[in-house]
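Q: Dropping in coords.pdb, with PDB, C-alpha atoms.
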```pdb
MODEL        1
ATOM      1  CA  MET K   1     116.111 197.526  74.322
ATOM      2  CA  THR K   2     112.500 198.165  75.278
ATOM      3  CA  ALA K   3     110.209 195.187  75.192
ATOM      4  CA  ARG K   4     107.079 195.004  73.091
ATOM      5  CA  ILE K   5     104.039 195.300  75.357
ATOM      6  CA  ILE K   6     101.569 192.522  74.573
ATOM      7  CA  ASP K   7      98.149 194.200  74.495
ATOM      8  CA  GLY K   8      95.821 191.675  76.101
ATOM      9  CA  LYS K   9      92.846 194.012  75.856
ATOM     10  CA  THR K  10      93.081 194.293  72.064
ATOM     11  CA  ILE K  11      93.824 190.586  71.532
ATOM     12  CA  ALA K  12      90.892 189.594  73.785
ATOM     13  CA  ALA K  13      88.545 191.942  71.907
ATOM     14  CA  GLU K  14      89.605 190.419  68.586
ATOM     15  CA  LEU K  15      89.040 186.926  69.977
ATOM     16  CA  ARG K  16      85.579 187.835  71.268
ATOM     17  CA  GLY K  17      84.778 189.196  67.820
ATOM     18  CA  ARG K  18      85.746 185.907  66.176
ATOM     19  CA  VAL K  19      83.663 183.994  68.731
ATOM     20  CA  ALA K  20      80.660 186.211  67.984
ATOM     21  CA  GLY K  21      81.091 185.513  64.277
ATOM     22  CA  GLU K  22      81.129 181.755  64.857
ATOM     23  CA  VAL K  23      78.124 181.974  67.185
ATOM     24  CA  ALA K  24      76.168 183.828  64.491
ATOM     25  CA  ARG K  25      77.195 181.226  61.930
ATOM     26  CA  ILE K  26      76.015 178.189  63.925
ATOM     27  CA  LYS K  27      72.816 179.997  64.917
ATOM     28  CA  ALA K  28      72.021 180.587  61.262
ATOM     29  CA  ALA K  29      73.119 177.168  60.009
ATOM     30  CA  HIS K  30      71.969 174.941  62.873
ATOM     31  CA  GLN K  31      69.560 177.008  65.029
ATOM     32  CA  ILE K  32      71.806 176.428  68.050
ATOM     33  CA  THR K  33      72.539 179.166  70.592
ATOM     34  CA  PRO K  34      75.490 178.324  72.858
ATOM     35  CA  GLY K  35      74.525 178.818  76.496
ATOM     36  CA  LEU K  36      76.711 179.515  79.520
ATOM     37  CA  ALA K  37      75.513 179.067  83.103
ATOM     38  CA  VAL K  38      77.499 180.758  85.874
ATOM     39  CA  VAL K  39      76.890 179.828  89.510
ATOM     40  CA  LEU K  40      77.934 182.322  92.204
ATOM     41  CA  VAL K  41      77.805 181.344  95.863
ATOM     42  CA  GLY K  42      77.849 184.223  98.346
ATOM     43  CA  SER K  43      78.516 187.925  97.804
ATOM     44  CA  ASP K  44      82.283 188.262  97.446
ATOM     45  CA  PRO K  45      82.775 191.653  95.716
ATOM     46  CA  ALA K  46      85.585 190.464  93.411
ATOM     47  CA  SER K  47      83.563 187.418  92.350
ATOM     48  CA  GLN K  48      80.535 189.614  91.688
ATOM     49  CA  VAL K  49      82.616 191.804  89.364
ATOM     50  CA  TYR K  50      83.897 188.738  87.477
ATOM     51  CA  VAL K  51      80.388 187.322  87.114
ATOM     52  CA  ARG K  52      78.999 190.627  85.790
ATOM     53  CA  SER K  53      81.803 190.789  83.241
ATOM     54  CA  LYS K  54      81.131 187.223  82.119
ATOM     55  CA  HIS K  55      77.402 187.893  81.788
ATOM     56  CA  LYS K  56      77.978 191.048  79.723
ATOM     57  CA  GLN K  57      80.533 189.492  77.387
ATOM     58  CA  THR K  58      78.496 186.313  76.937
ATOM     59  CA  GLN K  59      75.491 188.315  75.772
ATOM     60  CA  GLU K  60      77.624 190.544  73.534
ATOM     61  CA  ALA K  61      78.900 187.395  71.785
ATOM     62  CA  GLY K  62      75.310 186.375  70.999
ATOM     63  CA  MET K  63      75.235 183.535  73.526
ATOM     64  CA  ALA K  64      72.587 182.758  76.124
ATOM     65  CA  SER K  65      73.650 183.688  79.653
ATOM     66  CA  PHE K  66      72.193 182.018  82.745
ATOM     67  CA  GLU K  67      73.104 183.317  86.207
ATOM     68  CA  HIS K  68      72.441 181.487  89.460
ATOM     69  CA  VAL K  69      73.252 183.347  92.693
ATOM     70  CA  LEU K  70      73.098 181.265  95.854
ATOM     71  CA  PRO K  71      73.487 182.352  99.490
ATOM     72  CA  GLU K  72      76.798 181.929 101.318
ATOM     73  CA  ASP K  73      75.287 179.260 103.581
ATOM     74  CA  VAL K  74      73.775 177.145 100.789
ATOM     75  CA  ALA K  75      73.785 173.435 101.567
ATOM     76  CA  GLN K  76      76.153 171.363  99.466
ATOM     77  CA  ALA K  77      73.261 169.066  98.494
ATOM     78  CA  ASP K  78      71.343 172.054  97.082
ATOM     79  CA  LEU K  79      74.334 173.215  95.030
ATOM     80  CA  LEU K  80      74.822 169.681  93.697
ATOM     81  CA  ALA K  81      71.124 169.529  92.787
ATOM     82  CA  LEU K  82      71.484 172.772  90.786
ATOM     83  CA  ILE K  83      74.519 171.390  88.943
ATOM     84  CA  ALA K  84      72.591 168.202  88.128
ATOM     85  CA  GLN K  85      69.770 170.343  86.737
ATOM     86  CA  LEU K  86      72.212 172.327  84.574
ATOM     87  CA  ASN K  87      73.834 169.099  83.376
ATOM     88  CA  ARG K  88      70.442 167.986  82.049
ATOM     89  CA  ASP K  89      69.419 171.349  80.553
ATOM     90  CA  PRO K  90      69.844 171.223  76.736
ATOM     91  CA  ALA K  91      70.059 175.049  76.572
ATOM     92  CA  VAL K  92      73.196 175.018  78.735
ATOM     93  CA  HIS K  93      76.452 174.019  77.028
ATOM     94  CA  GLY K  94      78.875 175.421  79.579
ATOM     95  CA  ILE K  95      78.776 175.408  83.386
ATOM     96  CA  LEU K  96      81.086 177.512  85.523
ATOM     97  CA  VAL K  97      80.990 177.536  89.312
ATOM     98  CA  GLN K  98      82.769 180.704  90.454
ATOM     99  CA  LEU K  99      85.739 179.943  92.716
ATOM    100  CA  PRO K 100      86.688 180.188  95.505
ATOM    101  CA  LEU K 101      83.716 178.588  97.216
ATOM    102  CA  PRO K 102      82.891 179.065 100.912
ATOM    103  CA  LYS K 103      84.812 176.732 103.214
ATOM    104  CA  SER K 104      81.577 174.931 104.091
ATOM    105  CA  LEU K 105      81.527 173.467 100.570
ATOM    106  CA  HIS K 106      83.878 170.775  99.235
ATOM    107  CA  THR K 107      85.273 172.267  96.033
ATOM    108  CA  GLU K 108      86.506 168.986  94.559
ATOM    109  CA  THR K 109      83.087 167.371  94.981
ATOM    110  CA  ILE K 110      81.399 170.320  93.292
ATOM    111  CA  ILE K 111      83.810 170.346  90.330
ATOM    112  CA  ASN K 112      83.518 166.585  89.897
ATOM    113  CA  ALA K 113      79.717 166.883  89.687
ATOM    114  CA  ILE K 114      79.861 169.008  86.516
ATOM    115  CA  ASP K 115      79.340 167.145  83.242
ATOM    116  CA  PRO K 116      82.844 167.032  81.679
ATOM    117  CA  ALA K 117      81.318 167.974  78.312
ATOM    118  CA  LYS K 118      80.073 171.233  79.908
ATOM    119  CA  ASP K 119      83.118 171.876  82.119
ATOM    120  CA  VAL K 120      84.219 175.170  80.545
ATOM    121  CA  ASP K 121      86.636 175.825  83.420
ATOM    122  CA  GLY K 122      88.547 172.690  82.360
ATOM    123  CA  LEU K 123      88.948 171.490  85.952
ATOM    124  CA  HIS K 124      87.063 168.185  85.887
ATOM    125  CA  PRO K 125      89.460 165.220  86.263
ATOM    126  CA  ASN K 126      88.290 163.845  82.907
ATOM    127  CA  ASN K 127      89.383 167.012  81.117
ATOM    128  CA  ALA K 128      92.592 167.330  83.136
ATOM    129  CA  GLY K 129      93.458 163.708  82.324
ATOM    130  CA  ARG K 130      92.695 164.054  78.636
ATOM    131  CA  LEU K 131      94.804 167.201  78.450
ATOM    132  CA  ALA K 132      97.674 165.435  80.204
ATOM    133  CA  GLY K 133      97.385 162.557  77.748
ATOM    134  CA  GLY K 134      97.539 164.864  74.739
ATOM    135  CA  PHE K 135      93.900 164.299  73.795
ATOM    136  CA  ALA K 136      91.277 166.897  72.884
ATOM    137  CA  ALA K 137      89.823 168.464  76.026
ATOM    138  CA  LEU K 138      88.330 171.632  77.418
ATOM    139  CA  SER K 139      91.339 173.490  78.841
ATOM    140  CA  PRO K 140      91.342 175.955  81.752
ATOM    141  CA  CYS K 141      90.766 179.449  80.410
ATOM    142  CA  THR K 142      93.792 181.284  81.795
ATOM    143  CA  PRO K 143      96.407 178.852  80.378
ATOM    144  CA  LEU K 144      94.581 178.894  77.046
ATOM    145  CA  GLY K 145      94.803 182.683  77.094
ATOM    146  CA  CYS K 146      98.532 182.479  77.853
ATOM    147  CA  ILE K 147      99.107 180.377  74.739
ATOM    148  CA  ILE K 148      97.110 182.774  72.555
ATOM    149  CA  LEU K 149      99.075 185.755  73.883
ATOM    150  CA  THR K 150     102.360 183.955  73.254
ATOM    151  CA  LYS K 151     101.302 183.149  69.692
ATOM    152  CA  SER K 152     100.658 186.839  69.084
ATOM    153  CA  VAL K 153     104.464 187.127  69.286
ATOM    154  CA  HIS K 154     105.605 183.727  67.952
ATOM    155  CA  ALA K 155     103.704 181.982  65.166
ATOM    156  CA  SER K 156     105.156 178.652  66.317
ATOM    157  CA  LEU K 157     106.389 177.598  69.769
ATOM    158  CA  GLU K 158     108.011 174.435  68.435
ATOM    159  CA  GLY K 159     111.439 173.789  69.941
ATOM    160  CA  MET K 160     111.359 176.857  72.198
ATOM    161  CA  ASN K 161     112.512 176.573  75.815
ATOM    162  CA  ALA K 162     109.690 177.499  78.185
ATOM    163  CA  ILE K 163     109.557 177.756  81.964
ATOM    164  CA  VAL K 164     106.319 177.754  83.934
ATOM    165  CA  ILE K 165     106.729 179.092  87.463
ATOM    166  CA  GLY K 166     103.757 177.789  89.404
ATOM    167  CA  ARG K 167     102.150 174.356  89.639
ATOM    168  CA  SER K 168      98.489 175.042  90.413
ATOM    169  CA  ASN K 169      95.772 172.915  88.834
ATOM    170  CA  LEU K 170      94.169 176.094  87.500
ATOM    171  CA  VAL K 171      97.194 177.528  85.668
ATOM    172  CA  GLY K 172     100.630 175.936  86.004
ATOM    173  CA  ARG K 173      99.961 172.252  85.368
ATOM    174  CA  PRO K 174      97.546 172.668  82.427
ATOM    175  CA  LEU K 175      99.795 175.342  80.911
ATOM    176  CA  VAL K 176     102.652 172.826  80.851
ATOM    177  CA  GLN K 177     100.461 170.382  78.921
ATOM    178  CA  LEU K 178      99.352 173.037  76.417
ATOM    179  CA  LEU K 179     102.996 174.015  75.827
ATOM    180  CA  LEU K 180     103.939 170.371  75.284
ATOM    181  CA  ASN K 181     101.121 170.131  72.748
ATOM    182  CA  GLU K 182     102.798 173.059  70.948
ATOM    183  CA  ASN K 183     106.076 171.055  70.895
ATOM    184  CA  ALA K 184     107.856 173.430  73.276
ATOM    185  CA  THR K 185     110.506 172.130  75.699
ATOM    186  CA  VAL K 186     109.080 172.799  79.156
ATOM    187  CA  THR K 187     110.470 173.205  82.659
ATOM    188  CA  ILE K 188     107.943 173.443  85.491
ATOM    189  CA  ALA K 189     109.200 175.284  88.561
ATOM    190  CA  HIS K 190     107.772 176.858  91.698
ATOM    191  CA  SER K 191     108.681 179.049  94.660
ATOM    192  CA  ARG K 192     110.793 176.270  96.215
ATOM    193  CA  SER K 193     112.785 175.436  93.095
ATOM    194  CA  ARG K 194     116.548 175.760  93.497
ATOM    195  CA  ASP K 195     118.472 178.166  91.265
ATOM    196  CA  LEU K 196     115.227 179.591  89.900
ATOM    197  CA  ALA K 197     116.954 182.641  88.433
ATOM    198  CA  GLN K 198     119.319 180.401  86.463
ATOM    199  CA  LEU K 199     116.432 178.262  85.223
ATOM    200  CA  CYS K 200     114.637 181.374  83.974
ATOM    201  CA  ALA K 201     117.749 182.716  82.293
ATOM    202  CA  ARG K 202     117.731 179.787  79.846
ATOM    203  CA  ALA K 203     114.095 180.204  78.832
ATOM    204  CA  ASP K 204     112.799 181.742  75.613
ATOM    205  CA  LEU K 205     109.312 181.840  77.161
ATOM    206  CA  VAL K 206     108.709 182.719  80.821
ATOM    207  CA  TYR K 207     105.296 182.180  82.431
ATOM    208  CA  ALA K 208     104.998 183.573  85.973
ATOM    209  CA  ALA K 209     102.037 182.154  87.896
ATOM    210  CA  VAL K 210     103.392 181.762  91.409
ATOM    211  CA  GLY K 211     101.340 184.365  93.298
ATOM    212  CA  LYS K 212     104.283 186.350  94.691
ATOM    213  CA  PRO K 213     104.443 190.063  93.834
ATOM    214  CA  GLU K 214     107.290 190.961  91.476
ATOM    215  CA  MET K 215     109.228 187.800  92.315
ATOM    216  CA  VAL K 216     110.681 187.411  88.813
ATOM    217  CA  ARG K 217     113.343 190.089  88.441
ATOM    218  CA  GLY K 218     114.704 191.644  85.289
ATOM    219  CA  ASP K 219     118.109 189.977  85.685
ATOM    220  CA  TRP K 220     116.421 186.558  85.696
ATOM    221  CA  ILE K 221     115.191 187.064  82.136
ATOM    222  CA  LYS K 222     117.059 186.016  79.022
ATOM    223  CA  PRO K 223     117.495 189.027  76.716
ATOM    224  CA  GLY K 224     114.728 188.975  74.102
ATOM    225  CA  ALA K 225     112.580 186.398  75.929
ATOM    226  CA  THR K 226     108.781 186.580  75.926
ATOM    227  CA  VAL K 227     107.352 187.034  79.429
ATOM    228  CA  ILE K 228     103.724 186.189  80.244
ATOM    229  CA  ASP K 229     102.745 187.437  83.714
ATOM    230  CA  VAL K 230      99.729 185.633  85.177
ATOM    231  CA  GLY K 231     100.016 187.168  88.652
ATOM    232  CA  ILE K 232      97.508 189.641  90.099
ATOM    233  CA  ASN K 233      98.664 191.042  93.447
ATOM    234  CA  ARG K 234      97.607 194.129  95.381
ATOM    235  CA  LEU K 235     100.291 196.231  97.055
ATOM    236  CA  PRO K 236      99.918 199.417  99.128
ATOM    237  CA  ALA K 237     100.235 202.627  97.097
ATOM    238  CA  ALA K 238     101.562 206.017  98.208
ATOM    239  CA  ASP K 239      98.060 207.545  98.355
ATOM    240  CA  GLY K 240      96.859 204.967 100.864
ATOM    241  CA  LYS K 241      95.068 202.947  98.191
ATOM    242  CA  THR K 242      96.383 199.824  96.496
ATOM    243  CA  ARG K 243      97.991 199.113  93.146
ATOM    244  CA  LEU K 244      97.948 195.972  91.023
ATOM    245  CA  VAL K 245     101.227 194.275  90.208
ATOM    246  CA  GLY K 246     102.082 190.937  88.661
ATOM    247  CA  ASP K 247     104.551 188.226  89.592
ATOM    248  CA  VAL K 248     107.166 189.924  87.384
ATOM    249  CA  ALA K 249     109.033 193.146  88.149
ATOM    250  CA  TYR K 250     107.487 194.846  85.121
ATOM    251  CA  ALA K 251     109.711 197.917  84.816
ATOM    252  CA  GLU K 252     112.816 195.734  85.003
ATOM    253  CA  ALA K 253     111.449 193.231  82.500
ATOM    254  CA  LEU K 254     110.729 195.980  79.984
ATOM    255  CA  ASN K 255     114.458 196.664  79.684
ATOM    256  CA  VAL K 256     115.415 193.033  79.010
ATOM    257  CA  ALA K 257     112.557 191.030  77.497
ATOM    258  CA  GLY K 258     111.550 191.002  73.860
ATOM    259  CA  ALA K 259     107.854 191.072  74.763
ATOM    260  CA  VAL K 260     105.963 191.206  78.056
ATOM    261  CA  THR K 261     102.362 191.302  79.270
ATOM    262  CA  PRO K 262     101.344 194.152  81.570
ATOM    263  CA  VAL K 263      99.327 193.823  84.789
ATOM    264  CA  PRO K 264      96.569 194.842  84.453
ATOM    265  CA  GLY K 265      95.831 194.667  80.724
ATOM    266  CA  GLY K 266      97.455 191.347  79.902
ATOM    267  CA  VAL K 267      96.455 187.793  80.809
ATOM    268  CA  GLY K 268      93.415 188.848  82.850
ATOM    269  CA  GLN K 269      91.754 190.232  79.733
ATOM    270  CA  MET K 270      92.003 186.841  78.045
ATOM    271  CA  THR K 271      90.360 184.689  80.696
ATOM    272  CA  VAL K 272      86.733 185.630  79.986
ATOM    273  CA  ALA K 273      87.371 185.644  76.223
ATOM    274  CA  CYS K 274      88.657 182.069  76.487
ATOM    275  CA  LEU K 275      85.629 181.125  78.570
ATOM    276  CA  LEU K 276      83.518 182.131  75.562
ATOM    277  CA  VAL K 277      85.800 180.042  73.314
ATOM    278  CA  ASN K 278      85.294 177.004  75.554
ATOM    279  CA  THR K 279      81.519 177.489  75.654
ATOM    280  CA  LEU K 280      81.393 177.672  71.866
ATOM    281  CA  ARG K 281      83.601 174.590  71.521
ATOM    282  CA  ALA K 282      81.476 172.699  74.060
ATOM    283  CA  ALA K 283      78.261 173.568  72.210
ATOM    284  CA  CYS K 284      79.700 172.349  68.920
ATOM    285  CA  ALA K 285      80.997 169.112  70.455
ATOM    286  CA  ILE K 286      77.712 168.376  72.247
ATOM    287  CA  HIS K 287      75.797 168.795  68.969
ATOM    288  CA  GLY K 288      78.319 166.828  66.901
ATOM    289  CA  LEU K 289      79.463 169.843  64.893
ATOM    290  CA  PRO K 290      83.040 170.444  63.724
ATOM    291  CA  LYS K 291      85.344 172.345  66.049
ATOM    292  CA  PRO K 292      84.768 176.089  65.493
ATOM    293  CA  ALA K 293      87.446 178.228  63.877
ATOM    294  CA  VAL K 294      88.560 180.017  67.060
TER     295      VAL K 294
ENDMDL
END
```
For this file, produce the structure as structure tokens.
A:
Amino acid sequence: MTARIIDGKTIAAELRGRVAGEVARIKAAHQITPGLAVVLVGSDPASQVYVRSKHKQTQEAGMASFEHVLPEDVAQADLLALIAQLNRDPAVHGILVQLPLPKSLHTETIINAIDPAKDVDGLHPNNAGRLAGGFAALSPCTPLGCIILTKSVHASLEGMNAIVIGRSNLVGRPLVQLLLNENATVTIAHSRSRDLAQLCARADLVYAAVGKPEMVRGDWIKPGATVIDVGINRLPAADGKTRLVGDVAYAEALNVAGAVTPVPGGVGQMTVACLLVNTLRAACAIHGLPKPAV
């Protein structure tokens, strides 16, 4: 059996198209242009690439894009003042502070300063708490993308056994809550879990977000299971360069799973698309409009 490869690039493009359609609709009907502000501190090359991609895709969706680039040594008080300004700005419906921040800044304080209604990263304690309680909330983008990718294979996740390997606040914990909201039966595990291979072998849905290259082996996977690989790891390549691999041994998984996401070309493609979804949803909620059809 060869697994179906879940094409994150195509699914993300379709999602961005639907977002653009909804943006055009609310512009025409309500004269509202959703706006996303991205704050980048320092000059980390990977972060710069992410921010450029976000800016490009935001504009392509018909949204307003606001970029704020601050020096590496910016004072925390100055960053907090910028966030307060963005909180008050009626043209801004979503605020994203690019992580990781320099060690001189207290990340939790910065995240907590963002207006929860504009917290399109879904990391503010108000949103995390609402999500955990089963209430409507802005969800972190990567877990939201994982659910959308899974639903490209399964129309309903109700009653399915899922395992989430990884317990980070950015992916693992919110993904568990989103799966529970879909009425899946969820096990949350991590690198220190005992009998991890046996836990995986019972799962219909496997989500690997542990940050360890190719940790999940093919013989861990239940035949026919859907595997969503969140990991992005760089390993040395034969030509002296590096290659990207996930947290799943991809070639092995292809021979066992029913469907699997590649790395690259899987979950990573969905993250920015879901950021646009969250910005659109935030704009509608702030203006008292119905939740958009995305």
Q: Pick out the residues sitting within 12 Å of Ala273 (chain K), and hand them over as an MDAnalysis selection string; count only C-alpha atoms, and ignore anything fewer than 2 positions along from it in its own chain.
A: chainID K and resid 8:20 53:58 60:61 120 140:142 144:146 148:149 267:271 275:280 294
Q: Find the residues with any atom within 12 Å of (100.4, 168.8, 79.3); use all atoms listed in the file and the coordinates as given in the file, and write the answer as a PyMOL selection string.
A: chain K and resi 127-137+139-140+143-144+164+167+169+171-188
Q: Grab the CA of Gly246 (chain K) to CA of Leu157 (chain K) distance for me, in Å with one decimal place.
A: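 Atom-to-atom, CA of Gly246 (chain K) to CA of Leu157 (chain K), that is 23.5 Å.
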Q: Between K:Leu40, K:Leu199, K:Ala209, K:Ala189, which one has atoms that come closest to Leu170 (chain K), using all atoms listed in the file?
A: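 Among K:Leu40, K:Leu199, K:Ala209, K:Ala189, it is K:Ala209 that comes nearest to Leu170 (chain K).
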Q: Tell me, in Å to one decimal, how far CA of Leu79 (chain K) is from CA of Ile286 (chain K).
A: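 Atom-to-atom, CA of Leu79 (chain K) and CA of Ile286 (chain K) are spaced 23.5 Å apart.
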Q: Write out as a list in words the residues lying within 8 Å of Val256 (chain K), counting all atoms listed in the file and excluding same-chain residues fewer than 6 positions away.
A: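 Everything that qualifies: Met1, Thr2, Ala3, Gly218, Asp219, Ile221, Lys222, Pro223, Gly224 and Ala225 of chain K.
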Q: What box, with edges along x, y and z, holds each listed atom of region 177-180 of chain K when 8 Å is added on every side, and can you state its centre and edge lengths in Å to one decimal, as lines of an AutoDock Vina configuration file?
A:
```
center_x = 101.6
center_y = 172.2
center_z = 77.1
size_x = 20.6
size_y = 19.6
size_z = 19.6
```
Q: For this file, the PyMOL selection byres ((chain K and resi 150) around 10) selects which residues, as an NGL selection string?
A: :K and (6 or 145-149 or 151-157 or 205-207 or 226-228 or 259-261)
Q: As an exercise, work out the distance from CA of Ala197 (chain K) to CA of Val216 (chain K) in Å and give it to one decimal place.
A: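 Computed distance, CA of Ala197 (chain K) to CA of Val216 (chain K), equals 7.9 Å.
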Q: Near Ile110 (chain K), within 12 Å and counting all atoms listed in the file, which residues show up once chain neighbours fewer than 6 positions away are dropped, as a list in words?
A: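 Listing them by chain and then by number gives Val39, Val41, Ala75, Gln76, Ala77, Asp78, Leu79, Leu80, Ala81, Leu82, Ile83, Ala84, Ile95, Leu96, Val97, Gln98, Leu99, Pro100, Leu101, Pro102, Ser104, Asp119, Leu123, His124 and Pro125 of chain K.
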Q: On this structure, which residues satisfy the PyMOL selection byres ((chain K and resi 33) around 10), written as a ChimeraX atom specification?
A: /K:23-24,26-28,30-32,34-36,62-64,91-93,280,283
Q: How about saving the chosen residues, C-alpha atoms kept, as an mmCIF file, in the coordinates of the input?
A:
```cif
data_model
loop_
_atom_site.group_PDB
_atom_site.id
_atom_site.type_symbol
_atom_site.label_atom_id
_atom_site.label_comp_id
_atom_site.auth_asym_id
_atom_site.auth_seq_id
_atom_site.Cartn_x
_atom_site.Cartn_y
_atom_site.Cartn_z
ATOM 1 C CA VAL K 23 78.124 181.974 67.185
ATOM 2 C CA ALA K 24 76.168 183.828 64.491
ATOM 3 C CA ILE K 26 76.015 178.189 63.925
ATOM 4 C CA LYS K 27 72.816 179.997 64.917
ATOM 5 C CA ALA K 28 72.021 180.587 61.262
ATOM 6 C CA HIS K 30 71.969 174.941 62.873
ATOM 7 C CA GLN K 31 69.560 177.008 65.029
ATOM 8 C CA ILE K 32 71.806 176.428 68.050
ATOM 9 C CA PRO K 34 75.490 178.324 72.858
ATOM 10 C CA GLY K 35 74.525 178.818 76.496
ATOM 11 C CA LEU K 36 76.711 179.515 79.520
ATOM 12 C CA GLY K 62 75.310 186.375 70.999
ATOM 13 C CA MET K 63 75.235 183.535 73.526
ATOM 14 C CA ALA K 64 72.587 182.758 76.124
ATOM 15 C CA ALA K 91 70.059 175.049 76.572
ATOM 16 C CA VAL K 92 73.196 175.018 78.735
ATOM 17 C CA HIS K 93 76.452 174.019 77.028
ATOM 18 C CA LEU K 280 81.393 177.672 71.866
ATOM 19 C CA ALA K 283 78.261 173.568 72.210
#
```
Q: Given the choices K:Lys241, K:Lys291, K:Arg52, K:Arg192, which gets closest to Val272 (chain K) if the distance is worked out from all atoms listed in the file?
A: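 Smallest distance to Val272 (chain K) is found for K:Arg52.
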Q: Rank nothing, just name the residue among K:Asn126, K:Leu196, K:Gly265, K:Glu72 nearest to Leu105 (chain K), using all atoms listed in the file.
A: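 The answer is K:Glu72, which sits nearest to Leu105 (chain K).
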Q: Pick from K:Asn161, K:Asn112, K:Ser191, K:Gln85: nearest to His68 (chain K), with only C-alpha atoms counted?
A: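 Of the candidates, the smallest distance to His68 (chain K) is held by K:Gln85.
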